[in-house]
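Worksheet: one structure, shown below.
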Amino acid sequence: MRITVLIENNAPAGLLAEWGLSLWIEHLGRRYLLDAGESSRFAENCAKLGVDLSEADAAILSHAHYDHANGLASFCAANRAAPVYIRRAVGEDCYSWHGSEPKYIGVRRGLLAELEDRLVRVDGVAQVGEGAYLLPHSRADMAARGARAGMFVRRADRFVADDFAHEQSLVLVGPEGLVICSSCTHGGVDALLDEAASAFPDRPVRAIAGGLHLFRSPPEEVRALAGRLKEMGAPELYAGHCTGDEALKILGECLPGRVHRLETGMTVAL
């Protein structure tokens, strides 16, 4: 199993970076694109990284935010056949509310209609290949977590707390346990571990790769989370994007040897 970071917030010389995330995943003879960043920049990095988007068997949108969805048009131009798996709840309706008024952070308006013939909307735990599954949120406290994170969805003329029904993680089954690619983990990495244990009983989580959405979390909350993860038998964390530098530092201190920073161009072999 190999995970290559096509784009992330940070990049070495010669590669492009942006606030976003895109992962190229090779598992049991199939290739998956998880997210496409906020622009076509991820595709520009592909040639330098030896990735041919036309070889993807499927693309997956982790959630309905611009920094993961907006590059999908570039993917569909490069790959004319692969389905794009999204949650049934995905719409153009996501907002962040941290100031005096909400800010739209959803999929570029009109993009879903443009790609409609490529989209496959899924419910529940959905298999997309051998040993590859899409895992939705299942805990009842997701809306409360959304409200605490300042994230909302628009319903007609009102805003309601985001319960992340539009979010999914890619779960890869390997001989040493599960590897979960979770691009932003808005519902919390501790909740994700609970949900994986429920959906895949008796299969330990070996690693989680993606963003942990801790860049706005105060240090005491990050330390408390690290404590919960330690009690749960913390998997290896390959984290970047919305995790935040300070949170990464704290997690690394609390979980020594278990935390690794993602960067554009990096390849993780598991």
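Ordered as shown in the structure tokens, chains take letters A, B, and onward, while each chain numbers its residues from 1 and ligands are numbered from 1 in the order shown.
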Spatial neighbours of Ala196 of chain A, 8 Å, only C-alpha atoms, chain gap at least 5 places, as number ranges by chain | A: 135, 201, 205
Give me the residues within 12 Å of segment 68-70 of chain A as JSON, numbers by chain, counting only C-alpha atoms and dropping any in the same chain fewer than 4 places off.
-> {"A": [6, 7, 8, 18, 19, 20, 21, 22, 23, 33, 34, 35, 36, 37, 38, 39, 40, 41, 42, 43, 59, 60, 61, 62, 63, 64, 74, 75, 76, 84, 85, 86, 90, 91, 92, 105, 106, 107, 108, 109, 110, 111, 112, 114, 115, 167, 182, 183, 184, 210, 211, 241, 242]}
Which of segment 50-243 of chain A DSSP labels strand (DSSP E or B), written as number ranges by chain | A: 58-60, 65, 84-87, 94-96, 103-104, 106, 119-122, 126-129, 132-136, 151-155, 158-161, 168-174, 177-182, 205-211, 236-240
Using only C-alpha atoms, which residue out of A:Ala234, A:Ala89, A:Ala207, A:Val153 lies closest to Asp190 of chain A?
->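 So, comparing all the options, the nearest one is A:Ala234.
Note that atom CA of Ala47 of chain A and atom CA of Gly174 of chain A are 28.2 Å apart.
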Rank nothing, just name the residue among A:Ala199, A:Gly187, A:Arg155, A:Ser96 nearest to Val125 of chain A, using only C-alpha atoms.
-> A:Ala199
Write out as a ChimeraX atom specification each polymer residue whose atoms come within 8 Å of segment 251-264 of chain A, counting only C-alpha atoms; drop sequence neighbours fewer than 2 positions from it.
-> /A:5-12,15-17,210,222-223,226-227,230,234-241,247-249,266
Give me, please, the distance in Å between atom CA of Gly244 of chain A and atom CA of Arg216 of chain A, quoted to one decimal.
-> 7.8 Å
Tell me which of A:Ala143, A:Ala56, A:Ile250, A:Leu134 sits closest to Glu195 of chain A, counting only C-alpha atoms.
-> A:Leu134
Looking only at alpha helix (DSSP H) from DSSP on the backbone, list the matching residues of segment 186-236 of chain A as number ranges by chain.
-> A: 189-199, 219-231
Next, write the just-selected residues to a file, as a PDB file, in the first residue's frame, keeping C-alpha atoms as the atom set.
ATOM      1  CA  VAL A 189     -10.072  11.443  15.193  1.00  0.00           C
ATOM      2  CA  ASP A 190     -11.283   9.826  18.438  1.00  0.00           C
ATOM      3  CA  ALA A 191     -14.798   9.548  16.974  1.00  0.00           C
ATOM      4  CA  LEU A 192     -13.339   8.141  13.764  1.00  0.00           C
ATOM      5  CA  LEU A 193     -11.610   5.369  15.713  1.00  0.00           C
ATOM      6  CA  ASP A 194     -14.903   4.522  17.444  1.00  0.00           C
ATOM      7  CA  GLU A 195     -16.720   4.416  14.111  1.00  0.00           C
ATOM      8  CA  ALA A 196     -14.046   2.232  12.511  1.00  0.00           C
ATOM      9  CA  ALA A 197     -14.202  -0.189  15.443  1.00  0.00           C
ATOM     10  CA  SER A 198     -17.975  -0.438  15.017  1.00  0.00           C
ATOM     11  CA  ALA A 199     -17.843  -0.958  11.256  1.00  0.00           C
ATOM     12  CA  PRO A 219      -3.393  23.415  23.284  1.00  0.00           C
ATOM     13  CA  GLU A 220      -5.293  21.934  26.221  1.00  0.00           C
ATOM     14  CA  GLU A 221      -7.842  20.378  23.863  1.00  0.00           C
ATOM     15  CA  VAL A 222      -5.103  18.859  21.723  1.00  0.00           C
ATOM     16  CA  ARG A 223      -3.420  17.401  24.800  1.00  0.00           C
ATOM     17  CA  ALA A 224      -6.734  15.975  25.992  1.00  0.00           C
ATOM     18  CA  LEU A 225      -7.282  14.412  22.573  1.00  0.00           C
ATOM     19  CA  ALA A 226      -3.790  12.911  22.642  1.00  0.00           C
ATOM     20  CA  GLY A 227      -4.632  11.384  26.019  1.00  0.00           C
ATOM     21  CA  ARG A 228      -7.795   9.807  24.637  1.00  0.00           C
ATOM     22  CA  LEU A 229      -5.898   8.469  21.631  1.00  0.00           C
ATOM     23  CA  LYS A 230      -3.254   6.955  23.893  1.00  0.00           C
ATOM     24  CA  GLU A 231      -5.959   5.170  25.880  1.00  0.00           C
TER      25      GLU A 231
END
Interatomic distance, atom CA of Ser169 of chain A to atom CA of Met151 of chain A (Å, one decimal) |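 Separation of atom CA of Ser169 of chain A and atom CA of Met151 of chain A: 18.4 Å.
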Non-local contacts of Gly131 of chain A (12 Å; only C-alpha atoms; under 5 positions in same chain excluded) as a ChimeraX atom specification = /A:1,26-30,126,170-175,177-180,200
Closest of A:Leu270, A:Ala149, A:Ile3, A:Met232 to His98 of chain A - atom-to-atom distances counting only C-alpha atoms = A:Ala149
